[in-house]
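Novice: My structure is in upload-v7.txt, and what it holds is compact mmCIF, C-alpha atoms:
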```
# COMPACT_ATOMS: atom_id res chain seq x y z
CA MET G 1 -24.15 -35.87 -15.55
CA GLU G 2 -22.68 -38.63 -13.40
CA SER G 3 -22.40 -37.88 -9.74
CA GLN G 4 -18.81 -37.50 -8.70
CA GLN G 5 -17.17 -38.54 -5.47
CA GLU G 6 -16.42 -35.86 -2.94
CA PRO G 7 -12.83 -34.75 -3.34
CA GLU G 8 -10.61 -35.95 -0.49
CA HIS G 9 -10.45 -33.54 2.37
CA LEU G 10 -7.03 -31.97 2.16
CA PRO G 11 -5.31 -31.55 5.52
CA SER G 12 -4.87 -27.94 6.54
CA GLY G 13 -1.52 -26.66 7.69
CA PRO G 14 1.89 -27.77 6.45
CA THR G 15 1.75 -31.19 4.78
CA GLU G 16 4.48 -33.71 4.26
CA VAL G 17 7.78 -32.77 2.76
CA VAL G 18 8.29 -33.53 -0.93
CA ASN G 19 9.77 -36.93 -1.63
CA SER G 20 12.33 -35.85 -4.21
CA ILE G 21 15.77 -35.33 -2.69
CA ARG G 22 16.61 -32.87 -5.41
CA GLU G 23 13.56 -30.72 -4.63
CA ARG G 24 14.31 -30.81 -0.91
CA THR G 25 17.83 -29.56 -1.52
CA ILE G 26 16.67 -26.82 -3.83
CA ALA G 27 13.94 -25.74 -1.41
CA GLU G 28 16.01 -25.68 1.76
CA ASN G 29 18.50 -23.29 0.19
CA SER G 30 15.92 -20.71 -0.79
CA MET G 31 12.99 -18.70 0.48
CA VAL G 32 10.57 -21.08 -1.20
CA VAL G 33 10.40 -22.92 2.12
CA LEU G 34 8.39 -20.02 3.49
CA LEU G 35 5.83 -20.40 0.72
CA GLN G 36 5.70 -24.13 1.37
CA GLY G 37 4.85 -23.36 4.96
CA LEU G 38 1.78 -21.44 3.79
CA GLN G 39 -0.03 -24.60 2.73
CA GLY G 40 -3.62 -24.51 3.90
CA GLN G 41 -3.72 -20.72 4.15
CA VAL G 42 -5.61 -18.35 1.92
CA THR G 43 -3.32 -15.92 0.12
CA THR G 44 -3.18 -13.73 -2.93
CA VAL G 45 -0.64 -14.40 -5.67
CA ASP G 46 0.16 -11.55 -8.05
CA LEU G 47 1.20 -12.87 -11.43
CA LYS G 48 3.60 -11.30 -13.87
CA ASN G 49 0.79 -10.86 -16.38
CA GLU G 50 -0.83 -8.32 -14.02
CA SER G 51 -3.55 -10.72 -12.92
CA THR G 52 -4.13 -11.91 -9.35
CA ALA G 53 -5.32 -15.17 -7.88
CA ARG G 54 -6.69 -15.43 -4.35
CA GLY G 55 -7.20 -18.89 -2.95
CA ARG G 56 -6.09 -21.56 -0.53
CA VAL G 57 -2.55 -22.81 -1.01
CA VAL G 58 -2.63 -26.53 -1.74
CA ASN G 59 1.02 -27.02 -2.54
CA VAL G 60 4.19 -25.15 -3.44
CA ASP G 61 7.15 -26.97 -4.92
CA ALA G 62 10.83 -26.09 -4.99
CA PHE G 63 10.41 -24.25 -8.29
CA MET G 64 7.73 -22.01 -6.79
CA ASN G 65 5.00 -23.70 -8.84
CA ILE G 66 1.85 -23.05 -6.79
CA ARG G 67 -1.42 -24.93 -6.63
CA LEU G 68 -4.40 -23.04 -5.27
CA ASP G 69 -7.99 -24.11 -4.77
CA ASN G 70 -11.25 -22.19 -4.29
CA VAL G 71 -9.76 -19.42 -6.33
CA LEU G 72 -11.00 -15.97 -7.21
CA TYR G 73 -9.03 -15.04 -10.32
CA ARG G 74 -8.93 -11.41 -11.41
CA ASP G 75 -7.50 -10.74 -14.83
CA ARG G 76 -5.61 -7.60 -15.81
CA ARG G 77 -8.81 -5.88 -16.83
CA GLY G 78 -10.42 -6.61 -13.48
CA GLN G 79 -12.74 -9.36 -14.64
CA LEU G 80 -13.40 -11.94 -11.93
CA THR G 81 -13.57 -15.69 -12.47
CA GLN G 82 -14.09 -18.43 -9.91
CA LEU G 83 -11.89 -21.47 -10.31
CA GLN G 84 -11.92 -24.67 -8.35
CA ASP G 85 -8.27 -25.39 -9.00
CA LEU G 86 -5.42 -23.28 -10.31
CA PHE G 87 -1.83 -24.22 -11.07
CA ILE G 88 0.59 -21.33 -11.39
CA THR G 89 4.01 -21.90 -12.92
CA GLY G 90 6.77 -20.52 -10.70
CA ARG G 91 8.09 -18.25 -13.40
CA ASN G 92 4.75 -16.49 -13.58
CA VAL G 93 4.79 -15.42 -9.94
CA ARG G 94 5.53 -11.79 -9.16
CA TYR G 95 4.40 -11.53 -5.53
CA VAL G 96 2.84 -13.70 -2.86
CA HIS G 97 0.97 -11.81 -0.16
CA ILE G 98 1.82 -13.25 3.24
CA PRO G 99 -1.17 -13.40 5.61
CA ASP G 100 -0.87 -11.25 8.73
CA ASN G 101 -1.09 -14.17 11.12
CA VAL G 102 1.99 -15.93 9.72
CA ASP G 103 5.14 -15.94 11.84
CA ILE G 104 7.84 -15.97 9.19
CA MET G 105 10.72 -17.15 11.34
CA LYS G 106 8.70 -19.97 12.91
CA THR G 107 7.35 -21.10 9.55
CA ILE G 108 10.77 -21.25 7.93
CA GLN G 109 12.33 -22.99 10.92
CA SER G 110 9.60 -25.60 11.13
CA GLN G 111 9.81 -26.28 7.38
CA LEU G 112 13.58 -26.75 7.60
CA ALA G 113 13.11 -28.99 10.63
CA ARG G 114 10.74 -31.18 8.60
CA ILE G 115 13.27 -31.50 5.82
CA HIS G 116 16.04 -32.41 8.23
CA ARG G 117 13.82 -34.87 10.08
CA VAL G 118 13.09 -36.73 6.87
CA ARG G 119 16.76 -36.78 6.01
CA ASN G 120 17.76 -38.09 9.45
CA PHE G 121 14.98 -40.66 9.44
CA ALA G 122 16.24 -42.02 6.15
CA SER G 123 19.69 -42.55 7.55
CA HIS G 124 18.53 -44.02 10.85
CA GLY G 125 20.07 -47.46 11.34
CA GLY G 126 22.66 -46.82 8.69
CA GLY G 127 20.25 -46.35 5.81
CA ARG G 128 20.33 -48.64 2.83
CA LYS G 129 23.00 -51.25 2.99
CA GLU G 130 23.64 -51.50 -0.73
CA PHE G 131 26.77 -49.48 -0.55
CA ALA G 132 27.92 -50.47 2.91
CA THR G 133 31.46 -49.47 3.56
CA LYS G 134 33.93 -52.26 4.07
CA THR G 135 35.02 -52.80 7.62
CA LYS G 136 38.38 -54.29 6.69
CA GLU H 1 24.93 -19.72 -0.79
CA LYS H 2 22.32 -19.82 1.93
CA MET H 3 19.52 -17.52 2.83
CA TYR H 4 19.74 -14.85 5.46
CA LEU H 5 17.09 -14.00 8.02
CA THR H 6 16.82 -11.05 10.35
CA LEU H 7 17.51 -12.98 13.51
CA CYS H 8 20.66 -14.36 11.91
CA VAL H 9 19.33 -17.88 11.51
CA SER H 10 21.47 -18.25 8.45
CA GLN H 11 22.53 -21.73 7.57
CA GLN H 12 26.14 -20.84 7.11
CA PRO H 13 28.21 -18.92 9.62
CA THR H 14 28.02 -15.28 8.61
CA THR H 15 31.15 -13.26 8.22
CA ASN H 16 31.33 -9.61 9.13
CA THR H 17 33.25 -8.59 6.05
CA VAL H 18 31.66 -7.71 2.76
CA GLU H 19 33.03 -10.20 0.29
CA GLU H 20 30.53 -10.30 -2.54
CA PRO H 21 27.66 -8.17 -3.81
CA LEU H 22 25.04 -10.17 -1.91
CA ASP H 23 26.81 -9.27 1.32
CA LEU H 24 25.88 -5.64 0.69
CA ILE H 25 22.24 -6.65 0.82
CA ARG H 26 22.92 -8.51 4.06
CA LEU H 27 23.89 -5.18 5.60
CA SER H 28 20.35 -3.95 4.91
CA LEU H 29 18.57 -6.75 6.78
CA ASP H 30 15.81 -5.35 8.99
CA GLU H 31 16.32 -1.93 7.42
CA ARG H 32 14.05 -0.14 5.02
CA ILE H 33 15.18 -0.52 1.43
CA TYR H 34 14.29 0.61 -2.04
CA VAL H 35 13.80 -2.04 -4.72
CA LYS H 36 13.51 -1.25 -8.40
CA MET H 37 11.68 -3.95 -10.30
CA ARG H 38 10.93 -4.76 -13.89
CA ASN H 39 7.84 -3.29 -15.53
CA ASP H 40 8.30 0.15 -14.01
CA ARG H 41 7.63 -0.92 -10.46
CA GLU H 42 9.30 0.18 -7.26
CA LEU H 43 9.00 -1.15 -3.77
CA ARG H 44 9.86 0.48 -0.48
CA GLY H 45 9.76 -1.71 2.57
CA ARG H 46 11.60 -3.38 5.42
CA LEU H 47 13.83 -6.26 4.36
CA HIS H 48 13.14 -9.29 6.53
CA ALA H 49 14.80 -12.01 4.50
CA TYR H 50 16.33 -12.77 1.15
CA ASP H 51 18.11 -15.56 -0.69
CA GLN H 52 20.64 -15.93 -3.48
CA HIS H 53 17.94 -15.55 -6.13
CA LEU H 54 16.97 -12.22 -4.57
CA ASN H 55 13.63 -13.66 -3.56
CA MET H 56 12.78 -11.31 -0.70
CA ILE H 57 10.36 -10.89 2.15
CA LEU H 58 9.47 -7.25 2.62
CA GLY H 59 7.34 -5.87 5.42
CA ASP H 60 5.28 -2.67 5.44
CA VAL H 61 5.64 -2.31 1.69
CA GLU H 62 4.65 0.53 -0.59
CA GLU H 63 4.51 -0.47 -4.26
CA THR H 64 4.63 2.24 -6.90
CA VAL H 65 3.65 1.43 -10.48
CA THR H 66 4.47 4.11 -13.04
CA THR H 67 2.68 4.38 -16.36
CA VAL H 68 3.06 6.73 -19.30
CA GLU H 69 0.05 7.89 -21.22
CA ILE H 70 0.51 9.71 -24.51
CA ASP H 71 -2.03 12.39 -25.41
CA GLU H 72 -3.17 11.53 -28.91
CA GLU H 73 -3.40 15.13 -30.06
CA THR H 74 -0.56 16.87 -28.34
CA TYR H 75 1.66 13.79 -27.98
CA GLU H 76 2.34 14.96 -24.45
CA GLU H 77 3.67 12.30 -22.12
CA LEU H 78 1.61 12.04 -18.97
CA TYR H 79 3.36 10.11 -16.18
CA LYS H 80 1.03 8.54 -13.68
CA SER H 81 1.98 6.54 -10.64
CA THR H 82 -0.25 4.24 -8.63
CA LYS H 83 0.67 3.30 -5.09
CA ARG H 84 -0.57 0.61 -2.80
CA ASN H 85 0.42 -0.70 0.61
CA ILE H 86 0.89 -4.35 1.52
CA PRO H 87 1.75 -5.48 5.07
CA MET H 88 3.95 -8.45 4.17
CA LEU H 89 5.08 -9.43 0.70
CA PHE H 90 7.10 -12.27 -0.80
CA VAL H 91 8.86 -11.01 -3.93
CA ARG H 92 10.16 -13.40 -6.57
CA GLY H 93 13.77 -12.58 -7.31
CA ASP H 94 13.66 -12.64 -11.09
CA GLY H 95 11.67 -9.39 -11.08
CA VAL H 96 14.25 -7.51 -9.05
CA VAL H 97 16.50 -5.07 -10.90
CA LEU H 98 18.12 -3.01 -8.14
CA VAL H 99 18.30 -2.95 -4.34
CA ALA H 100 19.38 0.17 -2.47
CA PRO H 101 18.88 2.13 0.74
CA PRO H 102 15.72 4.26 0.54
CA LEU H 103 16.09 7.25 -1.76
CA ARG H 104 15.98 10.65 -0.16
CA VAL H 105 13.74 13.00 -2.16
CA GLY H 106 14.48 16.73 -2.33
```
Please lay out the structure from this file as structure tokens.
Specialist:
Amino acid sequence: MESQQEPEHLPSGPTEVVNSIRERTIAENSMVVLLQGLQGQVTTVDLKNESTARGRVVNVDAFMNIRLDNVLYRDRRGQLTQLQDLFITGRNVRYVHIPDNVDIMKTIQSQLARIHRVRNFASHGGGRKEFATKTK
Amino acid sequence: EKMYLTLCVSQQPTTNTVEEPLDLIRLSLDERIYVKMRNDRELRGRLHAYDQHLNMILGDVEETVTTVEIDEETYEELYKSTKRNIPMLFVRGDGVVLVAPPLRVG
């Protein structure tokens, strides 16, 4: 077996905001922003198929699709499986357990602040000049 | 529609009148509520936040799962319920059937 490169160390804590404007708008109008603020934390996700996945949150998108790594997956019969990486489709999520140390208000507010910072940065200096308004 | 949080950090100015069904849920913010979910599940907890999809954050939650077992000989229905407690739970809205003040038993 060929030796593989070490996977890049993923930064812990909230990472950059998604680039898609559409996803930002969807996320900022819903509670998904709280889940996005959990990036880097270890949580348990209960799925609709009665199984659970406990792992570190890598990413959550506006549609509640969740990527976890270092996962302990327990199926509905209780059988445990270890998985390096798990992608859960948003529609399959029933619950997400919020860790005790998370301040919900602060997390949501800081996530919204990130979204608004990106938006304001993009319009700094007038933004793109392609559709500049006429001064006449 | 925006989401509502307990400390009133809503993104739109909140009105005091009840105008639409979601406003009724707003009245229950920071109160204990009863949530009936799909698949014979019920939650009782404190409502910290919710959004228009009925995604909710509940604190101090008790989840009750009810199952029916049928006795193969007598065909008796045996109702069993399993409870568990979770300190803080994010609930995806598409599983929510009903939201109400806590039921008073007896």
Novice: Kindly provide the residues of chain G that approach chain H to within 8 Å, each paired with its closest atom pair and their distance in Å to one decimal, based on only C-alpha atoms, listed by chain and increasing number, as a tab-separated table.
Specialist:
```
residue	atom	partner	partner_atom	distance
G:Asn29	CA	H:Lys2	CA	5.4
G:Ser30	CA	H:Asp51	CA	5.6
G:Met31	CA	H:Asp51	CA	6.1
G:Val93	CA	H:Arg92	CA	6.7
G:Arg94	CA	H:Arg92	CA	5.5
G:Tyr95	CA	H:Val91	CA	4.8
G:Val96	CA	H:Phe90	CA	4.9
G:His97	CA	H:Leu89	CA	4.8
G:Ile98	CA	H:Met88	CA	5.3
G:Pro99	CA	H:Met88	CA	7.3
G:Asp100	CA	H:Met88	CA	7.2
G:Met105	CA	H:Leu5	CA	7.8
```
Novice: Take the residues from that selection and put them in a file with C-alpha atoms, as a compact mmCIF listing (two decimals), in the coordinates of the input.
Specialist:
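Output contents, as saved in part-v7.txt:
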```txt
# COMPACT_ATOMS: atom_id res chain seq x y z
CA ASN G 29 18.50 -23.29 0.19
CA SER G 30 15.92 -20.71 -0.79
CA MET G 31 12.99 -18.70 0.48
CA VAL G 93 4.79 -15.42 -9.94
CA ARG G 94 5.53 -11.79 -9.16
CA TYR G 95 4.40 -11.53 -5.53
CA VAL G 96 2.84 -13.70 -2.86
CA HIS G 97 0.97 -11.81 -0.16
CA ILE G 98 1.82 -13.25 3.24
CA PRO G 99 -1.17 -13.40 5.61
CA ASP G 100 -0.87 -11.25 8.73
CA MET G 105 10.72 -17.15 11.34
```
Novice: Rank nothing, just name the residue among G:Val60, G:Leu47, G:Ile88, G:Ile115 nearest to Glu28 of chain G, using all atoms listed in the file.
Specialist: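 Ranking G:Val60, G:Leu47, G:Ile88, G:Ile115 by distance to Glu28 of chain G, first place goes to G:Ile115.
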Novice: What separation in Å, quoted to one decimal, exists between atom CA of Leu86 of chain G and atom CA of Asn101 of chain G?
Specialist: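 Answer for the atom CA of Leu86 of chain G to atom CA of Asn101 of chain G separation: 23.7 Å.
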Novice: Would you mind telling me which residue in G:Arg67, G:Arg117, G:Arg77, G:Arg91 lies nearest to Arg54 of chain G when using all atoms listed in the file?
Specialist: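 Going through G:Arg67, G:Arg117, G:Arg77, G:Arg91 one by one, the smallest distance to Arg54 of chain G is for G:Arg67.
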Novice: Between atom CA of Val97 of chain H and atom CA of Val45 of chain G, what is the spacing in Å?
Specialist: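 According to the coordinates, atom CA of Val45 of chain G and atom CA of Val97 of chain H are separated by 20.2 Å.
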Novice: Expressed in Å to a single decimal, how great is the separation between atom CA of Val58 of chain G and atom CA of Gly37 of chain G?
Specialist: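 So the two atoms, atom CA of Val58 of chain G and atom CA of Gly37 of chain G, lie 10.5 Å apart.
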Novice: If I put a ball of radius 8 Å at (-4.2, -22.2, -1.5) in the file's coordinates, which residues poke into it when counting all atoms listed in the file, written as number ranges by chain?
Specialist: G: 39-43, 54-59, 67-71
Novice: Scan for residues within 8 Å of the point (8.3, -21.1, -8.5) in the coordinates of the file, using only C-alpha atoms, and reply as a PyMOL selection string.
Specialist: chain G and resi 32+60-66+89-93
Novice: Write out as a PyMOL selection string the residues lying within 6 Å of Leu72 of chain G, counting only C-alpha atoms and excluding same-chain residues fewer than 2 positions away.
Specialist: chain G and resi 53-54+81-82
